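Here is upload.cif, consisting of mmCIF, C-alpha atoms:
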data_protein
loop_
_atom_site.group_PDB
_atom_site.id
_atom_site.type_symbol
_atom_site.label_atom_id
_atom_site.label_comp_id
_atom_site.auth_asym_id
_atom_site.auth_seq_id
_atom_site.Cartn_x
_atom_site.Cartn_y
_atom_site.Cartn_z
ATOM 1 C CA MET A 1 38.422 18.382 -25.262
ATOM 2 C CA ASN A 2 36.058 21.014 -23.992
ATOM 3 C CA HIS A 3 35.959 20.932 -20.186
ATOM 4 C CA ASP A 4 32.219 21.631 -20.241
ATOM 5 C CA ASP A 5 31.590 18.606 -22.459
ATOM 6 C CA LYS A 6 33.573 16.396 -20.105
ATOM 7 C CA LEU A 7 31.779 17.661 -17.002
ATOM 8 C CA ASP A 8 28.425 17.362 -18.781
ATOM 9 C CA ARG A 9 29.259 13.760 -19.619
ATOM 10 C CA ILE A 10 30.291 12.995 -16.042
ATOM 11 C CA LEU A 11 27.088 14.496 -14.645
ATOM 12 C CA ARG A 12 24.833 12.780 -17.176
ATOM 13 C CA HIS A 13 26.600 9.470 -16.652
ATOM 14 C CA ASP A 14 26.183 9.836 -12.892
ATOM 15 C CA ALA A 15 22.489 10.727 -13.304
ATOM 16 C CA ALA A 16 21.923 7.691 -15.514
ATOM 17 C CA THR A 17 23.764 5.204 -13.311
ATOM 18 C CA THR A 18 22.671 6.262 -9.826
ATOM 19 C CA ARG A 19 18.920 6.067 -10.389
ATOM 20 C CA PRO A 20 17.539 3.746 -7.703
ATOM 21 C CA GLY A 21 15.285 0.799 -8.532
ATOM 22 C CA ASP A 22 11.795 0.649 -7.091
ATOM 23 C CA GLU A 23 12.738 -1.482 -4.048
ATOM 24 C CA ALA A 24 9.105 -1.487 -2.841
ATOM 25 C CA PHE A 25 9.070 2.314 -2.879
ATOM 26 C CA THR A 26 5.844 2.432 -4.904
ATOM 27 C CA ARG A 27 4.141 0.147 -2.385
ATOM 28 C CA ARG A 28 5.341 2.418 0.411
ATOM 29 C CA VAL A 29 3.869 5.487 -1.313
ATOM 30 C CA MET A 30 0.561 3.756 -2.031
ATOM 31 C CA GLY A 31 0.376 2.691 1.617
ATOM 32 C CA GLY A 32 0.832 6.322 2.660
ATOM 33 C CA LEU A 33 -2.064 7.681 0.609
ATOM 34 C CA PRO A 34 -5.267 8.768 2.340
ATOM 35 C CA PRO A 35 -7.754 5.870 2.656
ATOM 36 C CA GLU A 36 -10.224 5.267 -0.145
ATOM 37 C CA ARG A 37 -13.647 6.808 0.340
ATOM 38 C CA ARG A 38 -15.723 3.665 0.076
ATOM 39 C CA GLY A 39 -19.166 4.140 -1.481
ATOM 40 C CA ALA A 40 -18.715 7.854 -1.878
ATOM 41 C CA ARG A 41 -19.874 9.129 -5.262
ATOM 42 C CA ALA A 42 -19.086 12.407 -6.928
ATOM 43 C CA TRP A 43 -22.734 13.396 -6.980
ATOM 44 C CA THR A 44 -23.696 12.630 -3.355
ATOM 45 C CA THR A 45 -22.501 15.890 -1.799
ATOM 46 C CA PRO A 46 -24.059 18.195 -4.420
ATOM 47 C CA ALA A 47 -27.282 16.126 -4.288
ATOM 48 C CA LEU A 48 -27.467 16.446 -0.508
ATOM 49 C CA VAL A 49 -26.794 20.194 -0.603
ATOM 50 C CA MET A 50 -29.249 20.806 -3.423
ATOM 51 C CA GLY A 51 -31.876 18.612 -1.750
ATOM 52 C CA SER A 52 -31.541 20.501 1.522
ATOM 53 C CA ALA A 53 -31.730 23.814 -0.329
ATOM 54 C CA ALA A 54 -34.859 22.683 -2.215
ATOM 55 C CA LEU A 55 -36.521 21.483 0.998
ATOM 56 C CA GLY A 56 -35.657 24.736 2.752
ATOM 57 C CA SER A 57 -37.016 26.701 -0.201
ATOM 58 C CA ALA A 58 -40.277 24.741 -0.202
ATOM 59 C CA LEU A 59 -40.704 25.358 3.520
ATOM 60 C CA ALA A 60 -39.867 29.047 3.086
ATOM 61 C CA MET A 61 -42.438 29.301 0.289
ATOM 62 C CA ALA A 62 -45.101 27.474 2.292
ATOM 63 C CA LEU A 63 -44.526 29.532 5.435
ATOM 64 C CA ALA A 64 -43.870 32.879 3.733
ATOM 65 C CA PRO A 65 -46.524 35.561 4.463
ATOM 66 C CA VAL A 66 -47.367 35.754 0.778
ATOM 67 C CA PRO A 67 -51.027 35.549 -0.206
ATOM 68 C CA GLY A 68 -51.686 32.466 -2.316
ATOM 69 C CA GLY A 69 -48.244 30.897 -1.772
ATOM 70 C CA ILE A 70 -46.628 28.821 -4.518
ATOM 71 C CA VAL A 71 -49.812 28.506 -6.595
ATOM 72 C CA GLN A 72 -50.239 32.271 -6.734
ATOM 73 C CA ALA A 73 -46.526 32.667 -7.603
ATOM 74 C CA ALA A 74 -46.875 30.212 -10.505
ATOM 75 C CA LEU A 75 -49.994 32.023 -11.777
ATOM 76 C CA ASP A 76 -48.341 35.448 -11.505
ATOM 77 C CA ILE A 77 -45.228 34.302 -13.361
ATOM 78 C CA ALA A 78 -47.341 32.579 -16.024
ATOM 79 C CA HIS A 79 -49.162 35.912 -16.628
ATOM 80 C CA LEU A 80 -45.802 37.756 -16.638
ATOM 81 C CA HIS A 81 -46.718 39.639 -13.452
ATOM 82 C CA MET A 82 -43.177 39.478 -12.090
ATOM 83 C CA LEU A 83 -43.390 42.229 -9.484
ATOM 84 C CA THR A 84 -46.067 40.704 -7.224
ATOM 85 C CA PRO A 85 -44.881 39.566 -3.754
ATOM 86 C CA ALA A 86 -45.510 35.867 -4.605
ATOM 87 C CA ALA A 87 -43.630 36.030 -7.925
ATOM 88 C CA LEU A 88 -40.687 37.929 -6.388
ATOM 89 C CA THR A 89 -40.415 35.357 -3.590
ATOM 90 C CA ALA A 90 -40.417 32.442 -6.053
ATOM 91 C CA ILE A 91 -37.859 34.135 -8.307
ATOM 92 C CA GLY A 92 -35.635 34.872 -5.300
ATOM 93 C CA ILE A 93 -35.728 31.259 -4.184
ATOM 94 C CA ALA A 94 -35.023 29.997 -7.717
ATOM 95 C CA ALA A 95 -32.044 32.371 -7.946
ATOM 96 C CA ALA A 96 -30.680 31.104 -4.612
ATOM 97 C CA LEU A 97 -30.979 27.493 -5.808
ATOM 98 C CA LEU A 98 -29.276 28.361 -9.091
ATOM 99 C CA ALA A 99 -26.427 30.087 -7.197
ATOM 100 C CA SER A 100 -25.973 26.946 -5.033
ATOM 101 C CA ALA A 101 -25.811 24.784 -8.165
ATOM 102 C CA VAL A 102 -23.224 27.071 -9.788
ATOM 103 C CA VAL A 103 -21.034 27.123 -6.663
ATOM 104 C CA LEU A 104 -21.182 23.326 -6.355
ATOM 105 C CA ALA A 105 -20.435 22.788 -10.035
ATOM 106 C CA ALA A 106 -17.418 25.100 -9.841
ATOM 107 C CA ASP A 107 -15.941 23.350 -6.780
ATOM 108 C CA PRO A 108 -13.633 20.545 -8.010
ATOM 109 C CA ASP A 109 -13.471 18.873 -4.572
ATOM 110 C CA MET B 1 10.769 -2.477 -17.978
ATOM 111 C CA PRO B 2 10.793 -3.181 -21.739
ATOM 112 C CA GLU B 3 7.433 -3.830 -23.330
ATOM 113 C CA ALA B 4 6.636 -7.315 -24.571
ATOM 114 C CA PRO B 5 6.183 -7.534 -28.332
ATOM 115 C CA GLY B 6 2.541 -7.122 -29.284
ATOM 116 C CA ALA B 7 1.625 -5.690 -25.886
ATOM 117 C CA PRO B 8 -0.554 -2.556 -25.933
ATOM 118 C CA PRO B 9 1.447 0.659 -25.518
ATOM 119 C CA ALA B 10 1.823 1.840 -21.946
ATOM 120 C CA PRO B 11 -0.678 4.577 -21.096
ATOM 121 C CA SER B 12 0.685 8.107 -21.172
ATOM 122 C CA ASP B 13 1.054 10.230 -18.055
ATOM 123 C CA ALA B 14 -2.002 12.230 -19.132
ATOM 124 C CA GLU B 15 -4.153 9.091 -19.441
ATOM 125 C CA LEU B 16 -3.051 7.864 -16.031
ATOM 126 C CA ILE B 17 -3.706 11.270 -14.453
ATOM 127 C CA LEU B 18 -7.222 11.371 -15.921
ATOM 128 C CA ALA B 19 -7.900 7.870 -14.577
ATOM 129 C CA VAL B 20 -6.845 9.027 -11.102
ATOM 130 C CA VAL B 21 -8.845 12.247 -11.207
ATOM 131 C CA GLU B 22 -12.004 10.774 -12.731
ATOM 132 C CA ARG B 23 -12.143 7.344 -11.087
ATOM 133 C CA ASP B 24 -9.873 7.640 -8.054
ATOM 134 C CA ASP B 25 -7.891 4.852 -9.786
ATOM 135 C CA ARG B 26 -5.072 3.864 -7.430
ATOM 136 C CA ARG B 27 -3.527 1.398 -9.837
ATOM 137 C CA ALA B 28 -3.091 4.225 -12.332
ATOM 138 C CA TYR B 29 -1.406 6.312 -9.660
ATOM 139 C CA ALA B 30 0.861 3.396 -8.725
ATOM 140 C CA ALA B 31 1.905 3.252 -12.400
ATOM 141 C CA LEU B 32 2.722 6.971 -12.315
ATOM 142 C CA VAL B 33 4.756 6.560 -9.126
ATOM 143 C CA GLU B 34 6.590 3.559 -10.536
ATOM 144 C CA ARG B 35 7.384 5.478 -13.713
ATOM 145 C CA HIS B 36 8.775 8.609 -12.011
ATOM 146 C CA GLN B 37 10.102 7.427 -8.658
ATOM 147 C CA GLY B 38 13.616 6.585 -9.866
ATOM 148 C CA GLN B 39 14.357 10.039 -11.192
ATOM 149 C CA VAL B 40 12.623 11.879 -8.340
ATOM 150 C CA ARG B 41 14.547 9.871 -5.746
ATOM 151 C CA SER B 42 17.791 10.334 -7.653
ATOM 152 C CA VAL B 43 17.287 14.118 -7.725
ATOM 153 C CA LEU B 44 16.411 14.198 -4.041
ATOM 154 C CA ARG B 45 19.494 12.118 -3.184
ATOM 155 C CA ARG B 46 21.623 14.719 -4.905
ATOM 156 C CA LEU B 47 19.818 17.549 -3.115
ATOM 157 C CA THR B 48 20.234 15.884 0.291
ATOM 158 C CA LYS B 49 23.951 15.236 -0.347
ATOM 159 C CA GLY B 50 23.461 11.504 -0.655
ATOM 160 C CA ASP B 51 21.185 10.979 2.365
ATOM 161 C CA ALA B 52 19.142 8.157 0.814
ATOM 162 C CA ALA B 53 16.773 7.731 3.771
ATOM 163 C CA LEU B 54 15.899 11.428 3.914
ATOM 164 C CA ALA B 55 15.617 11.557 0.124
ATOM 165 C CA ASP B 56 13.135 8.663 0.160
ATOM 166 C CA ASP B 57 11.087 10.306 2.925
ATOM 167 C CA LEU B 58 10.929 13.499 0.867
ATOM 168 C CA ALA B 59 10.091 11.503 -2.277
ATOM 169 C CA GLN B 60 7.222 9.813 -0.459
ATOM 170 C CA GLU B 61 5.998 13.198 0.783
ATOM 171 C CA THR B 62 6.236 14.478 -2.802
ATOM 172 C CA PHE B 63 4.099 11.679 -4.240
ATOM 173 C CA VAL B 64 1.494 11.888 -1.464
ATOM 174 C CA LEU B 65 1.227 15.664 -1.949
ATOM 175 C CA ALA B 66 1.008 15.153 -5.712
ATOM 176 C CA TRP B 67 -1.873 12.693 -5.184
ATOM 177 C CA LYS B 68 -3.736 15.219 -3.055
ATOM 178 C CA SER B 69 -3.166 18.044 -5.566
ATOM 179 C CA LEU B 70 -3.593 16.106 -8.789
ATOM 180 C CA ARG B 71 -6.962 17.713 -9.531
ATOM 181 C CA ARG B 72 -5.187 21.047 -9.703
ATOM 182 C CA PHE B 73 -2.708 19.820 -12.329
ATOM 183 C CA ARG B 74 -3.602 21.779 -15.474
ATOM 184 C CA PHE B 75 -1.405 20.029 -18.075
ATOM 185 C CA GLU B 76 0.388 23.340 -18.696
ATOM 186 C CA SER B 77 3.740 21.625 -18.156
ATOM 187 C CA ARG B 78 5.013 18.047 -18.180
ATOM 188 C CA PHE B 79 3.803 16.025 -15.203
ATOM 189 C CA SER B 80 7.445 15.431 -14.241
ATOM 190 C CA THR B 81 8.165 19.179 -14.126
ATOM 191 C CA TRP B 82 5.170 19.681 -11.847
ATOM 192 C CA LEU B 83 6.329 16.768 -9.704
ATOM 193 C CA TYR B 84 9.843 18.231 -9.365
ATOM 194 C CA ARG B 85 8.368 21.516 -8.244
ATOM 195 C CA ILE B 86 6.677 19.677 -5.358
ATOM 196 C CA ALA B 87 9.892 17.756 -4.631
ATOM 197 C CA PHE B 88 12.011 20.928 -4.588
ATOM 198 C CA ASN B 89 9.496 22.606 -2.263
ATOM 199 C CA ALA B 90 9.578 19.602 0.075
ATOM 200 C CA TRP B 91 13.383 19.674 0.101
ATOM 201 C CA GLN B 92 13.471 23.450 0.681
ATOM 202 C CA SER B 93 11.044 23.140 3.613
ATOM 203 C CA GLU B 94 13.185 20.376 5.078
ATOM 204 C CA ALA B 95 16.387 22.396 4.544
ATOM 205 C CA ARG B 96 14.823 25.440 6.223
ATOM 206 C CA ARG B 97 13.673 23.314 9.154
ATOM 207 C CA LYS B 98 17.105 21.700 9.508
ATOM 208 C CA ARG B 99 18.942 25.021 9.429
ATOM 209 C CA GLU B 100 17.200 25.855 12.671
ATOM 210 C CA LEU B 101 18.850 22.852 14.325
ATOM 211 C CA PRO B 102 22.455 23.347 15.509
ATOM 212 C CA LEU B 103 23.461 19.725 14.811
ATOM 213 C CA ASP B 104 22.716 19.981 11.130
ATOM 214 C CA GLU B 105 26.223 20.757 9.976
ATOM 215 C CA ALA B 106 27.705 17.351 10.824
ATOM 216 C CA PRO B 107 28.412 15.917 7.370
ATOM 217 C CA GLY B 108 27.008 12.459 6.832
ATOM 218 C CA ASP B 109 29.112 9.912 5.005
ATOM 219 C CA ASP B 110 26.299 8.542 2.888
ATOM 220 C CA SER B 111 28.488 8.833 -0.182
ATOM 221 C CA ALA B 112 30.083 5.587 0.932
ATOM 222 C CA VAL B 113 26.704 3.847 0.750
ATOM 223 C CA LEU B 114 26.182 5.179 -2.741
ATOM 224 C CA ALA B 115 29.709 4.378 -3.789
ATOM 225 C CA CYS B 116 29.604 0.737 -2.757
ATOM 226 C CA GLU B 117 27.089 0.050 -5.534
ATOM 227 C CA MET B 118 29.280 1.599 -8.211
ATOM 228 C CA PRO B 119 32.182 0.223 -10.175
ATOM 229 C CA ASP B 120 34.026 3.557 -10.406
ATOM 230 C CA ILE B 121 33.938 4.217 -6.707
ATOM 231 C CA VAL B 122 36.592 6.895 -6.527
ATOM 232 C CA ALA B 123 35.123 9.011 -9.281
ATOM 233 C CA ARG B 124 31.638 8.644 -7.824
ATOM 234 C CA VAL B 125 32.724 9.624 -4.326
ATOM 235 C CA ASP B 126 34.705 12.556 -5.722
ATOM 236 C CA LEU B 127 31.650 13.796 -7.608
ATOM 237 C CA GLU B 128 29.439 13.232 -4.567
ATOM 238 C CA ARG B 129 31.793 15.287 -2.418
ATOM 239 C CA ALA B 130 32.199 17.968 -5.049
ATOM 240 C CA LEU B 131 28.422 18.290 -5.346
ATOM 241 C CA GLY B 132 28.277 18.550 -1.570
ATOM 242 C CA THR B 133 30.401 21.691 -1.640
ATOM 243 C CA LEU B 134 27.903 23.584 -3.797
ATOM 244 C CA SER B 135 25.409 25.985 -2.274
ATOM 245 C CA ASP B 136 21.832 24.703 -1.970
ATOM 246 C CA ALA B 137 20.740 26.868 -4.903
ATOM 247 C CA GLU B 138 23.582 25.680 -7.131
ATOM 248 C CA ARG B 139 23.009 22.037 -6.235
ATOM 249 C CA ALA B 140 19.301 22.438 -6.940
ATOM 250 C CA ALA B 141 20.059 23.889 -10.369
ATOM 251 C CA ILE B 142 22.439 21.022 -11.207
ATOM 252 C CA ALA B 143 19.954 18.452 -9.887
ATOM 253 C CA ALA B 144 17.170 19.961 -11.975
ATOM 254 C CA CYS B 145 19.134 20.274 -15.208
ATOM 255 C CA TYR B 146 21.135 17.026 -15.073
ATOM 256 C CA TYR B 147 19.457 14.592 -12.687
ATOM 257 C CA ALA B 148 15.863 15.583 -13.472
ATOM 258 C CA ASP B 149 16.829 16.223 -17.095
ATOM 259 C CA LEU B 150 14.846 19.456 -17.270
ATOM 260 C CA SER B 151 15.571 22.269 -19.701
ATOM 261 C CA HIS B 152 16.676 25.568 -18.162
ATOM 262 C CA GLU B 153 13.149 26.902 -18.684
ATOM 263 C CA GLU B 154 11.561 23.884 -17.010
ATOM 264 C CA ALA B 155 14.100 24.072 -14.179
ATOM 265 C CA ALA B 156 13.190 27.720 -13.623
ATOM 266 C CA ALA B 157 9.508 26.767 -13.432
ATOM 267 C CA ALA B 158 10.176 23.814 -11.127
ATOM 268 C CA LEU B 159 12.443 25.800 -8.805
ATOM 269 C CA GLY B 160 10.257 28.913 -8.912
ATOM 270 C CA ILE B 161 13.171 31.201 -9.861
ATOM 271 C CA PRO B 162 13.925 33.322 -12.945
ATOM 272 C CA LEU B 163 15.516 31.672 -15.978
ATOM 273 C CA GLY B 164 18.610 33.898 -15.771
ATOM 274 C CA THR B 165 19.167 32.830 -12.164
ATOM 275 C CA VAL B 166 19.057 29.152 -13.157
ATOM 276 C CA LYS B 167 21.657 29.735 -15.863
ATOM 277 C CA THR B 168 23.885 31.644 -13.427
ATOM 278 C CA HIS B 169 23.621 28.904 -10.792
ATOM 279 C CA VAL B 170 24.443 26.192 -13.338
ATOM 280 C CA LEU B 171 27.478 28.103 -14.658
ATOM 281 C CA ARG B 172 28.806 28.796 -11.159
ATOM 282 C CA ALA B 173 28.154 25.246 -10.026
ATOM 283 C CA LYS B 174 29.970 23.790 -13.011
ATOM 284 C CA ALA B 175 32.949 26.097 -12.472
ATOM 285 C CA LYS B 176 33.127 24.959 -8.853
ATOM 286 C CA LEU B 177 32.756 21.293 -9.792
ATOM 287 C CA ARG B 178 35.478 21.557 -12.431
ATOM 288 C CA ALA B 179 37.856 23.179 -9.961
ATOM 289 C CA ARG B 180 36.994 20.697 -7.227
ATOM 290 C CA LEU B 181 37.375 17.623 -9.436
ATOM 291 C CA ALA B 182 40.644 18.932 -10.909
ATOM 292 C CA ALA B 183 42.019 19.522 -7.409
ATOM 293 C CA ARG B 184 41.039 15.958 -6.415
ATOM 294 C CA LYS B 185 42.834 14.572 -9.439
ATOM 295 C CA GLU B 186 46.017 16.419 -8.523
ATOM 296 C CA ASP B 187 45.933 15.130 -4.936
ATOM 297 C CA PRO B 188 47.811 11.835 -4.594
#
Let me see the structure of the file written as structure tokens.
Amino acid sequence: MNHDDKLDRILRHDAATTRPGDEAFTRRVMGGLPPERRGARAWTTPALVMGSAALGSALAMALAPVPGGIVQAALDIAHLHMLTPAALTAIGIAAALLASAVVLAADPD
Amino acid sequence: MPEAPGAPPAPSDAELILAVVERDDRRAYAALVERHQGQVRSVLRRLTKGDAALADDLAQETFVLAWKSLRRFRFESRFSTWLYRIAFNAWQSEARRKRELPLDEAPGDDSAVLACEMPDIVARVDLERALGTLSDAERAAIAACYYADLSHEEAAAALGIPLGTVKTHVLRAKAKLRARLAARKEDP
């Protein structure tokens, strides 16, 4: 008989017969897991970050030294006058918000 | 455990993993642990030369780490292969840490504990001792290919070494085991 076959058989037999039963091992592992995050939802963190960013953007827009503020920005963009100070500020803020959303969406944790 | 007739088929590993990742479902993870713990613990017992307590500690560490990293599992390999990679890393870290301690070399006699559960005690103890004489790398290759039942390719991925190295380790380990077991047989 091929020696390799015999050794293979011995090893496979040993592997099959020495496998331990559960013996409460699963319970031990489950007890060692990090605690459940009660009430936490997948959307709460992104919502908080996006909300803070939106609030900050609104404040920045309101306090920015741009004549006409958000109303002027909306009018400029509606008339395709993209290079006015108000329109540029609004576009910049929208881009920052979009970047935040992309970063949050890409983060699996 | 055998399925009862008419019972719905047990969910696959992939379904359980998705339940864990999407709903933080701990019961699904418990099912995964229950399904794989026997083989992971068996492999780790071989790697730790029969030290069942250490093997179980490392197995627990493996499953906790797997839980924390499960979102990064990309289904590019079998879940078990991925799990063994974590287990082998845990064992290697432990082995590295132990090598720094001077008292490490005292051989434990855990083979007796293992043997007492077996009908063919002598053969089992002989194999246990023979496996204990292999180098860490050779024992890891044997554990991966026989006790974890991985292919050479999967073993290479799990151990993080080239395929050719796995094959070399397995060949050398088997030559050593054959010689060792033959010598035992000749001893009265």
Set the cut-off to 9 Å and count all atoms listed in the file: what are the residues of chain A that reach chain B? Output as a JSON list (two decimals) with C-alpha atoms, in the coordinates of the input.
[["chain", "number", "residue", "atom", "x", "y", "z"],
["A", 3, "HIS", "CA", 35.96, 20.93, -20.19],
["A", 4, "ASP", "CA", 32.22, 21.63, -20.24],
["A", 7, "LEU", "CA", 31.78, 17.66, -17.00],
["A", 8, "ASP", "CA", 28.42, 17.36, -18.78],
["A", 10, "ILE", "CA", 30.29, 13.00, -16.04],
["A", 11, "LEU", "CA", 27.09, 14.50, -14.64],
["A", 12, "ARG", "CA", 24.83, 12.78, -17.18],
["A", 14, "ASP", "CA", 26.18, 9.84, -12.89],
["A", 15, "ALA", "CA", 22.49, 10.73, -13.30],
["A", 16, "ALA", "CA", 21.92, 7.69, -15.51],
["A", 17, "THR", "CA", 23.76, 5.20, -13.31],
["A", 18, "THR", "CA", 22.67, 6.26, -9.83],
["A", 19, "ARG", "CA", 18.92, 6.07, -10.39],
["A", 20, "PRO", "CA", 17.54, 3.75, -7.70],
["A", 21, "GLY", "CA", 15.28, 0.80, -8.53],
["A", 22, "ASP", "CA", 11.80, 0.65, -7.09],
["A", 25, "PHE", "CA", 9.07, 2.31, -2.88],
["A", 26, "THR", "CA", 5.84, 2.43, -4.90],
["A", 27, "ARG", "CA", 4.14, 0.15, -2.38],
["A", 28, "ARG", "CA", 5.34, 2.42, 0.41],
["A", 29, "VAL", "CA", 3.87, 5.49, -1.31],
["A", 30, "MET", "CA", 0.56, 3.76, -2.03],
["A", 32, "GLY", "CA", 0.83, 6.32, 2.66],
["A", 33, "LEU", "CA", -2.06, 7.68, 0.61],
["A", 34, "PRO", "CA", -5.27, 8.77, 2.34],
["A", 36, "GLU", "CA", -10.22, 5.27, -0.14],
["A", 108, "PRO", "CA", -13.63, 20.54, -8.01],
["A", 109, "ASP", "CA", -13.47, 18.87, -4.57]]
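Applied to the shown file, the PyMOL selection byres ((chain A and resi 79-92) around 8) selects the residues Met61, Val66, Pro67, Gly68, Gly69, Ile70, Gln72, Ala73, Ala74, Leu75, Asp76, Ile77, Ala78, Ile93, Ala94, Ala95 and Ala96 of chain A.
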Any chance you could work out the axis-aligned box around segment 59-75 of chain B, listed atoms only, 3 Å on each side, giving centre and edge lengths in Å to one decimal, as JSON?
{"center_x": 1.6, "center_y": 15.8, "center_z": -8.6, "size_x": 23.1, "size_y": 18.0, "size_z": 24.9}
Using all atoms listed in the file, which protein or nucleic acid residues come within 10 Å of His152 of chain B? Drop anything in the same chain fewer than 5 positions from it, and give the result as a list in words.
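Surrounding residues, per the criterion: Ala141, Ala144, Cys145, Ala157, Ala158, Pro162, Leu163, Gly164, Thr165, Val166, Lys167 and Val170 of chain B.
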Å distance separating atom CA of Glu154 of chain B from atom CA of Trp82 of chain B, one decimal place
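Between atom CA of Glu154 of chain B and atom CA of Trp82 of chain B the gap is 9.2 Å.
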Calculate how many Å separate atom CA of Leu134 of chain B from atom CA of Ile86 of chain B, rounding to one decimal.
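Taking atom CA of Leu134 of chain B as the start and atom CA of Ile86 of chain B as the end point, the length is 21.6 Å.
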